[in-house]
>>> print(open('run15.cif').read())   # mmCIF, C-alpha atoms
data_final
loop_
_atom_site.label_atom_id
_atom_site.label_comp_id
_atom_site.auth_asym_id
_atom_site.auth_seq_id
_atom_site.Cartn_x
_atom_site.Cartn_y
_atom_site.Cartn_z
CA MET I 1 -16.40 -49.45 -57.26
CA THR I 2 -19.91 -49.82 -55.93
CA ILE I 3 -20.70 -51.79 -52.80
CA LYS I 4 -24.40 -52.47 -52.25
CA SER I 5 -24.40 -53.75 -48.69
CA ILE I 6 -22.30 -54.58 -45.66
CA ASP I 7 -22.21 -57.64 -43.40
CA LEU I 8 -20.94 -57.37 -39.84
CA ILE I 9 -19.50 -60.72 -38.80
CA THR I 10 -18.73 -61.04 -35.11
CA PHE I 11 -17.92 -63.44 -32.33
CA SER I 12 -18.37 -61.32 -29.22
CA PRO I 13 -19.23 -62.96 -25.88
CA THR I 14 -18.79 -59.73 -23.86
CA HIS I 15 -19.89 -57.40 -26.71
CA THR I 16 -16.63 -55.46 -27.05
CA SER I 17 -15.83 -56.75 -30.55
CA LYS I 18 -19.45 -56.19 -31.55
CA GLN I 19 -19.32 -52.56 -30.42
CA ILE I 20 -16.19 -51.89 -32.48
CA GLY I 21 -17.67 -53.64 -35.50
CA GLU I 22 -20.93 -51.69 -35.26
CA ALA I 23 -19.03 -48.39 -35.10
CA ILE I 24 -17.04 -49.29 -38.23
CA VAL I 25 -20.27 -50.19 -40.02
CA ARG I 26 -21.83 -46.85 -39.03
CA GLY I 27 -18.80 -45.05 -40.36
CA THR I 28 -19.19 -46.56 -43.82
CA GLY I 29 -22.62 -45.00 -44.19
CA LEU I 30 -23.95 -48.06 -45.99
CA ALA I 31 -27.68 -48.44 -45.41
CA GLU I 32 -28.14 -52.15 -46.14
CA VAL I 33 -26.60 -53.91 -43.15
CA GLY I 34 -26.56 -57.62 -42.36
CA PHE I 35 -25.51 -59.10 -39.02
CA VAL I 36 -23.80 -62.49 -38.92
CA ASP I 37 -23.42 -63.46 -35.27
CA ALA I 38 -21.17 -66.45 -34.57
CA THR I 39 -21.16 -65.99 -30.80
CA LEU I 40 -23.68 -68.60 -29.71
CA GLN I 41 -24.03 -70.88 -32.72
CA MET I 42 -22.91 -71.60 -36.28
CA PRO I 43 -24.26 -68.76 -38.47
CA GLU I 44 -26.87 -69.58 -41.10
CA LYS I 45 -25.25 -67.32 -43.68
CA THR I 46 -21.99 -68.77 -44.97
CA HIS I 47 -21.71 -67.35 -48.52
CA PHE I 48 -20.71 -63.75 -49.25
CA GLU I 49 -21.03 -61.96 -52.60
CA ALA I 50 -18.41 -59.79 -54.29
CA ASP I 51 -20.58 -56.65 -54.08
CA THR I 52 -20.86 -56.88 -50.27
CA LEU I 53 -18.36 -55.49 -47.77
CA ALA I 54 -17.60 -57.77 -44.82
CA VAL I 55 -16.42 -56.45 -41.46
CA VAL I 56 -15.04 -59.30 -39.34
CA ALA I 57 -14.51 -58.38 -35.67
CA VAL I 58 -13.33 -60.96 -33.15
CA PRO I 59 -11.63 -61.04 -29.72
CA VAL I 60 -8.07 -62.07 -28.92
CA TYR I 61 -7.52 -64.72 -26.24
CA GLY I 62 -3.92 -65.31 -25.17
CA GLY I 63 -2.50 -63.61 -28.23
CA HIS I 64 -4.62 -65.60 -30.71
CA VAL I 65 -8.00 -65.24 -32.37
CA ALA I 66 -10.55 -66.99 -30.15
CA PRO I 67 -10.46 -70.62 -31.42
CA LEU I 68 -14.22 -70.99 -31.09
CA ALA I 69 -14.68 -67.97 -33.39
CA LEU I 70 -12.66 -69.69 -36.11
CA GLU I 71 -14.58 -72.92 -35.58
CA ARG I 72 -17.90 -71.08 -36.04
CA MET I 73 -16.70 -69.39 -39.24
CA LYS I 74 -14.96 -72.39 -40.83
CA ASP I 75 -17.66 -72.92 -43.49
CA PHE I 76 -17.58 -69.36 -44.82
CA GLN I 77 -17.09 -68.94 -48.56
CA ALA I 78 -16.62 -65.68 -50.46
CA ASP I 79 -16.25 -64.59 -54.08
CA GLY I 80 -13.50 -62.02 -53.68
CA THR I 81 -15.64 -60.23 -51.11
CA PRO I 82 -13.78 -57.17 -49.78
CA ALA I 83 -13.20 -57.54 -46.05
CA VAL I 84 -12.10 -55.48 -43.08
CA VAL I 85 -10.46 -57.64 -40.42
CA VAL I 86 -10.45 -56.43 -36.81
CA VAL I 87 -9.10 -57.98 -33.63
CA VAL I 88 -9.98 -56.68 -30.17
CA TYR I 89 -7.60 -57.33 -27.27
CA GLY I 90 -7.45 -56.48 -23.57
CA ASN I 91 -4.60 -53.93 -23.56
CA ARG I 92 -1.80 -56.52 -23.19
CA ALA I 93 -0.93 -57.68 -26.73
CA TYR I 94 -2.65 -59.14 -29.76
CA GLU I 95 0.60 -60.81 -30.95
CA LYS I 96 -0.14 -62.53 -34.31
CA ALA I 97 -3.92 -62.53 -34.03
CA LEU I 98 -4.48 -60.04 -36.85
CA MET I 99 -2.32 -62.10 -39.21
CA GLU I 100 -4.20 -65.24 -38.16
CA LEU I 101 -7.55 -63.64 -38.96
CA ASP I 102 -6.23 -62.31 -42.27
CA ALA I 103 -4.99 -65.76 -43.31
CA PHE I 104 -8.23 -67.39 -42.19
CA VAL I 105 -10.61 -65.16 -44.17
CA SER I 106 -8.28 -64.98 -47.20
CA ALA I 107 -8.30 -68.78 -47.42
CA ARG I 108 -12.09 -68.60 -47.69
CA GLY I 109 -12.15 -66.22 -50.63
CA PHE I 110 -12.27 -62.83 -48.94
CA LYS I 111 -10.04 -59.98 -50.10
CA VAL I 112 -8.67 -58.11 -47.10
CA ILE I 113 -8.64 -54.38 -47.93
CA ALA I 114 -8.21 -53.01 -44.39
CA GLY I 115 -7.33 -54.12 -40.89
CA GLY I 116 -7.49 -52.83 -37.35
CA THR I 117 -6.41 -53.65 -33.80
CA PHE I 118 -8.63 -52.19 -31.10
CA VAL I 119 -8.61 -52.31 -27.31
CA GLY I 120 -11.59 -53.62 -25.36
CA GLU I 121 -12.08 -54.34 -21.67
CA HIS I 122 -10.19 -57.52 -20.79
CA SER I 123 -12.31 -60.55 -19.98
CA TYR I 124 -10.52 -60.82 -16.62
CA SER I 125 -11.16 -57.18 -15.71
CA SER I 126 -13.08 -56.57 -12.49
CA ASP I 127 -13.72 -53.76 -10.00
CA ARG I 128 -10.79 -55.03 -7.96
CA TYR I 129 -8.45 -55.52 -10.90
CA PRO I 130 -9.46 -53.21 -13.76
CA ILE I 131 -7.86 -54.01 -17.12
CA ALA I 132 -8.81 -51.55 -19.88
CA ALA I 133 -12.06 -51.05 -17.97
CA GLY I 134 -14.81 -49.30 -19.92
CA ARG I 135 -13.21 -49.77 -23.31
CA PRO I 136 -14.19 -49.34 -26.01
CA ASP I 137 -14.99 -45.85 -24.78
CA GLU I 138 -16.38 -42.86 -26.67
CA ASP I 139 -13.02 -42.06 -28.26
CA ASP I 140 -12.48 -45.67 -29.34
CA LEU I 141 -15.89 -45.80 -31.03
CA LYS I 142 -15.31 -42.46 -32.73
CA TYR I 143 -11.99 -43.72 -34.07
CA ALA I 144 -13.72 -46.87 -35.32
CA GLU I 145 -16.35 -44.79 -37.12
CA GLU I 146 -13.65 -42.70 -38.75
CA PHE I 147 -11.96 -45.92 -39.82
CA GLY I 148 -15.23 -47.03 -41.43
CA ALA I 149 -15.47 -43.75 -43.31
CA LYS I 150 -11.92 -44.20 -44.64
CA VAL I 151 -12.76 -47.72 -45.79
CA ARG I 152 -15.79 -46.36 -47.67
CA THR I 153 -13.63 -43.70 -49.31
CA LYS I 154 -11.14 -46.36 -50.41
CA ILE I 155 -13.91 -48.42 -51.99
CA ASP I 156 -15.56 -45.45 -53.72
CA SER I 157 -12.19 -44.34 -55.11
CA ALA I 158 -11.48 -47.70 -56.76
CA ALA I 159 -12.50 -47.96 -60.39
CA ASP I 160 -13.36 -51.64 -60.03
CA ALA I 161 -12.65 -54.71 -57.89
CA GLU I 162 -9.27 -55.22 -59.53
CA HIS I 163 -8.19 -51.73 -58.43
CA LEU I 164 -9.48 -52.14 -54.88
CA TYR I 165 -6.13 -53.14 -53.49
CA GLY I 166 -5.57 -55.49 -50.59
CA VAL I 167 -3.33 -54.75 -47.61
CA ASP I 168 -0.50 -56.55 -45.88
CA VAL I 169 -1.65 -56.54 -42.26
CA LYS I 170 1.87 -57.43 -41.09
CA ARG I 171 2.78 -53.80 -41.84
CA ILE I 172 0.32 -52.34 -39.36
CA GLN I 173 1.91 -50.07 -36.77
CA ARG I 174 2.21 -51.69 -33.37
CA PRO I 175 1.00 -49.83 -30.26
CA ARG I 176 3.64 -48.44 -27.93
CA GLN I 177 4.65 -50.85 -25.17
CA PRO I 178 6.75 -49.56 -22.24
CA PHE I 179 9.61 -51.99 -21.68
CA PHE I 180 9.79 -52.18 -17.88
CA PRO I 181 6.09 -53.03 -17.21
CA LEU I 182 6.35 -55.78 -19.81
CA LEU I 183 9.53 -57.13 -18.20
CA ARG I 184 7.87 -57.02 -14.78
CA PHE I 185 4.89 -58.96 -16.15
CA LEU I 186 7.08 -61.66 -17.69
CA ARG I 187 9.09 -62.06 -14.48
CA LYS I 188 5.96 -62.41 -12.39
CA VAL I 189 4.46 -64.97 -14.77
CA ILE I 190 7.64 -67.04 -14.57
CA LYS I 191 7.57 -66.79 -10.79
CA LEU I 192 3.95 -67.98 -10.65
CA ARG I 193 4.78 -71.00 -12.77
CA LYS I 194 7.91 -71.86 -10.80
CA ASN I 195 5.95 -71.69 -7.56
CA GLY I 196 3.27 -73.96 -8.98
CA VAL I 197 0.47 -71.48 -8.29
CA SER I 198 -2.87 -73.06 -9.18
CA MET I 199 -4.67 -71.41 -12.09
CA LEU I 200 -8.45 -71.36 -12.22
CA ARG I 201 -9.94 -73.16 -15.19
CA THR I 202 -13.50 -71.94 -14.72
CA PRO I 203 -15.34 -69.11 -12.94
CA GLN I 204 -16.29 -69.64 -9.32
CA VAL I 205 -19.89 -69.40 -8.14
CA ASP I 206 -21.24 -68.16 -4.81
CA GLU I 207 -24.21 -70.49 -4.41
CA SER I 208 -25.77 -68.19 -1.81
CA LEU I 209 -26.08 -65.46 -4.45
CA CYS I 210 -27.07 -67.55 -7.47
CA THR I 211 -30.83 -67.37 -8.19
CA HIS I 212 -30.68 -69.83 -11.11
CA CYS I 213 -32.07 -67.17 -13.44
CA GLY I 214 -30.36 -68.90 -16.37
CA LEU I 215 -28.74 -65.82 -17.91
CA CYS I 216 -25.30 -67.42 -17.68
CA VAL I 217 -26.63 -70.41 -19.63
CA LYS I 218 -27.93 -68.14 -22.39
CA ARG I 219 -24.76 -66.05 -22.57
CA CYS I 220 -22.18 -68.83 -22.54
CA PRO I 221 -20.90 -69.23 -26.12
CA ALA I 222 -19.40 -72.64 -25.48
CA GLY I 223 -22.32 -74.41 -23.79
CA ALA I 224 -20.26 -74.83 -20.63
CA ILE I 225 -23.20 -74.11 -18.29
CA VAL I 226 -26.28 -76.31 -18.18
CA LYS I 227 -29.74 -75.02 -17.28
CA GLY I 228 -30.66 -76.14 -13.77
CA GLU I 229 -27.00 -76.60 -12.86
CA GLU I 230 -25.92 -72.96 -12.99
CA CYS I 231 -23.47 -73.34 -10.10
CA THR I 232 -21.32 -75.69 -12.17
CA THR I 233 -19.15 -74.85 -15.19
CA LEU I 234 -17.82 -77.59 -17.45
CA ALA I 235 -14.04 -77.12 -17.53
CA ASP I 236 -13.58 -78.99 -20.81
CA LYS I 237 -15.86 -76.52 -22.58
CA CYS I 238 -15.18 -73.23 -20.79
CA ILE I 239 -13.17 -70.73 -22.90
CA ARG I 240 -12.76 -68.24 -20.01
CA CYS I 241 -14.41 -65.41 -21.93
CA CYS I 242 -16.13 -64.42 -18.65
CA ALA I 243 -19.42 -63.57 -20.39
CA CYS I 244 -21.16 -65.35 -17.52
CA VAL I 245 -19.24 -63.31 -14.94
CA LYS I 246 -19.92 -59.94 -16.54
CA GLY I 247 -23.53 -60.79 -17.29
CA CYS I 248 -24.58 -62.15 -13.88
CA PRO I 249 -27.11 -59.71 -12.34
CA GLN I 250 -26.48 -61.13 -8.85
CA LYS I 251 -22.66 -60.94 -9.09
CA ALA I 252 -22.64 -64.60 -8.12
CA ARG I 253 -19.86 -65.47 -10.56
CA THR I 254 -16.21 -64.43 -10.29
CA PHE I 255 -12.97 -65.39 -12.01
CA ASP I 256 -10.17 -64.45 -9.62
CA THR I 257 -7.22 -65.72 -11.61
CA PRO I 258 -3.75 -64.54 -10.48
CA PHE I 259 -3.25 -63.21 -14.01
CA ALA I 260 -5.88 -60.52 -13.44
CA ALA I 261 -3.75 -58.81 -10.79
CA LEU I 262 -0.65 -59.01 -13.00
CA LEU I 263 -2.41 -57.61 -16.05
CA SER I 264 -3.99 -54.81 -14.04
CA ASP I 265 -0.64 -53.87 -12.51
CA CYS I 266 1.59 -54.15 -15.57
CA PHE I 267 -0.63 -52.85 -18.35
CA GLN I 268 -2.17 -49.72 -16.91
CA ARG I 269 -1.12 -47.42 -19.74
CA PRO I 270 -3.93 -47.38 -22.34
CA LYS I 271 -2.77 -48.70 -25.69
CA GLU I 272 -3.70 -47.03 -28.96
CA ASN I 273 -5.98 -48.46 -31.62
CA ARG I 274 -4.22 -49.01 -34.93
CA ILE I 275 -5.49 -49.33 -38.49
CA ILE I 276 -4.14 -50.09 -41.95
CA LEU I 277 -5.82 -49.56 -45.33
#
>>> encode(input="run15.cif", output="structure tokens")
Amino acid sequence: MTIKSIDLITFSPTHTSKQIGEAIVRGTGLAEVGFVDATLQMPEKTHFEADTLAVVAVPVYGGHVAPLALERMKDFQADGTPAVVVVVYGNRAYEKALMELDAFVSARGFKVIAGGTFVGEHSYSSDRYPIAAGRPDEDDLKYAEEFGAKVRTKIDSAADAEHLYGVDVKRIQRPRQPFFPLLRFLRKVIKLRKNGVSMLRTPQVDESLCTHCGLCVKRCPAGAIVKGEECTTLADKCIRCCACVKGCPQKARTFDTPFAALLSDCFQRPKENRIIL
């Protein structure tokens, strides 16, 4: 089967999903590349042809595909377009996110021929509480490129679209999860809730450091920060992606949620990327 082009579809506030998606695209070796970015607004392109390969890479928030990503992609339509679905999570767990993404794109006419779960630096990660810090790293990106090459081989080996078989993403191998760190995490979460510990809903801002440069406004995918009022974050819009925190050149923004310490403590062992095709 011949594929003429490839579209990278991403929602990636902190650029981890985008990096993985770009590496997969490189691995395919396809020269005609389109970029459909749903991070900051509804994409203009919503229709995808059967002779195009789509790579859909999105982050996992709380074990689910980021809801805003699904909202931005809701108008997509495809004509049996082969698709690679990829979820990127912060080294804790992606739970049913890959199945959610598979069901979402399949309902819009895509044919899922491969899937992957990759680790990226957690949105809550900081110098004080690192959580998968620096990922995707060089090895992650190399693995993603190799995945892209395998996808290309699968496509080239198929006689036609009918023989380009789909995959059941539920059968993907799960990463190894040590039992005791997971148990410790669950116990601490229960303790926090029983004690009524207050959970931050938005990043905090040190007004003495904020220069009102406006970068946080530009980088917020949800429109939760208004130009001229950069020291305020609208709680009803904030999705806690921490793009504003990681992108602030003055380090004026922080998100010191109690969960960051728990995640850093209980999920130190790097998880493996997994693929299915």
>>> resolve_selection(input="run15.cif", expression="the PyMOL selection byres ((chain I and resi 32-39) around 7)", output="list in words")
Ser5, Ile6, Asp7, Leu8, Ile9, Thr10, Phe11, Ser12, Pro13, Leu30, Ala31, Leu40, Gln41, Met42, Pro43, Lys45, Ala69, Arg72 and Pro221 of chain I
>>> resolve_selection(input="run15.cif", expression="the PyMOL selection byres ((chain I and resi 127) around 12)", output="VMD selection string")
chain I and resid 121 to 122 124 to 126 128 to 134 246 251 254 to 256 260 to 261 264
>>> resolve_selection(input="run15.cif", expression="the PyMOL selection byres ((chain I and resi 90-101) around 7)", output="PyMOL selection string")
chain I and resi 60+63-65+85-87+89+102-105+119-122+131-132+169-170+267+270-271
>>> closest_residue(input="run15.cif", among="I:Cys244, I:Leu263, I:Ala159, I:Val205", to="Ile3 (chain I)", atoms="all atoms listed in the file")
I:Ala159
>>> closest_residue(input="run15.cif", among="I:Pro181, I:Gly115, I:Gly228, I:Pro203", to="Gly148 (chain I)", atoms="all atoms listed in the file")
I:Gly115
>>> residues_near_point(input="run15.cif", point="(-17.2, -58.6, -45.0)", cutoff="6 Å", atoms="only C-alpha atoms", output="ChimeraX atom specification")
/I:7,53-55,83
>>> write_last_selection(input="run15.cif", atoms="C-alpha atoms", output="mmCIF file, keeping the file's coordinate frame")
data_model
loop_
_atom_site.group_PDB
_atom_site.id
_atom_site.type_symbol
_atom_site.label_atom_id
_atom_site.label_comp_id
_atom_site.auth_asym_id
_atom_site.auth_seq_id
_atom_site.Cartn_x
_atom_site.Cartn_y
_atom_site.Cartn_z
ATOM 1 C CA ASP I 7 -22.210 -57.640 -43.400
ATOM 2 C CA LEU I 53 -18.360 -55.490 -47.770
ATOM 3 C CA ALA I 54 -17.600 -57.770 -44.820
ATOM 4 C CA VAL I 55 -16.420 -56.450 -41.460
ATOM 5 C CA ALA I 83 -13.200 -57.540 -46.050
#
>>> residues_around(input="run15.cif", residues="Tyr143 (chain I)", least_positions_apart="6", cutoff="9 Å", atoms="all atoms listed in the file", output="PyMOL selection string")
chain I and resi 23-24+273
>>> closest_residue(input="run15.cif", among="I:Ser17, I:Thr117, I:Thr202, I:Ser123", to="Arg174 (chain I)", atoms="all atoms listed in the file")
I:Thr117
>>> residues_around(input="run15.cif", residues="Ile276 (chain I)", least_positions_apart="3", cutoff="9 Å", atoms="only C-alpha atoms", output="PyMOL selection string")
chain I and resi 113-116+167-169+171-173
>>> atom_distance(input="run15.cif", atom1="CA of Phe48 (chain I)", atom2="CA of Thr2 (chain I)")
15.5 Å
>>> atom_distance(input="run15.cif", atom1="CA of Leu234 (chain I)", atom2="CA of Ala222 (chain I)")
9.6 Å
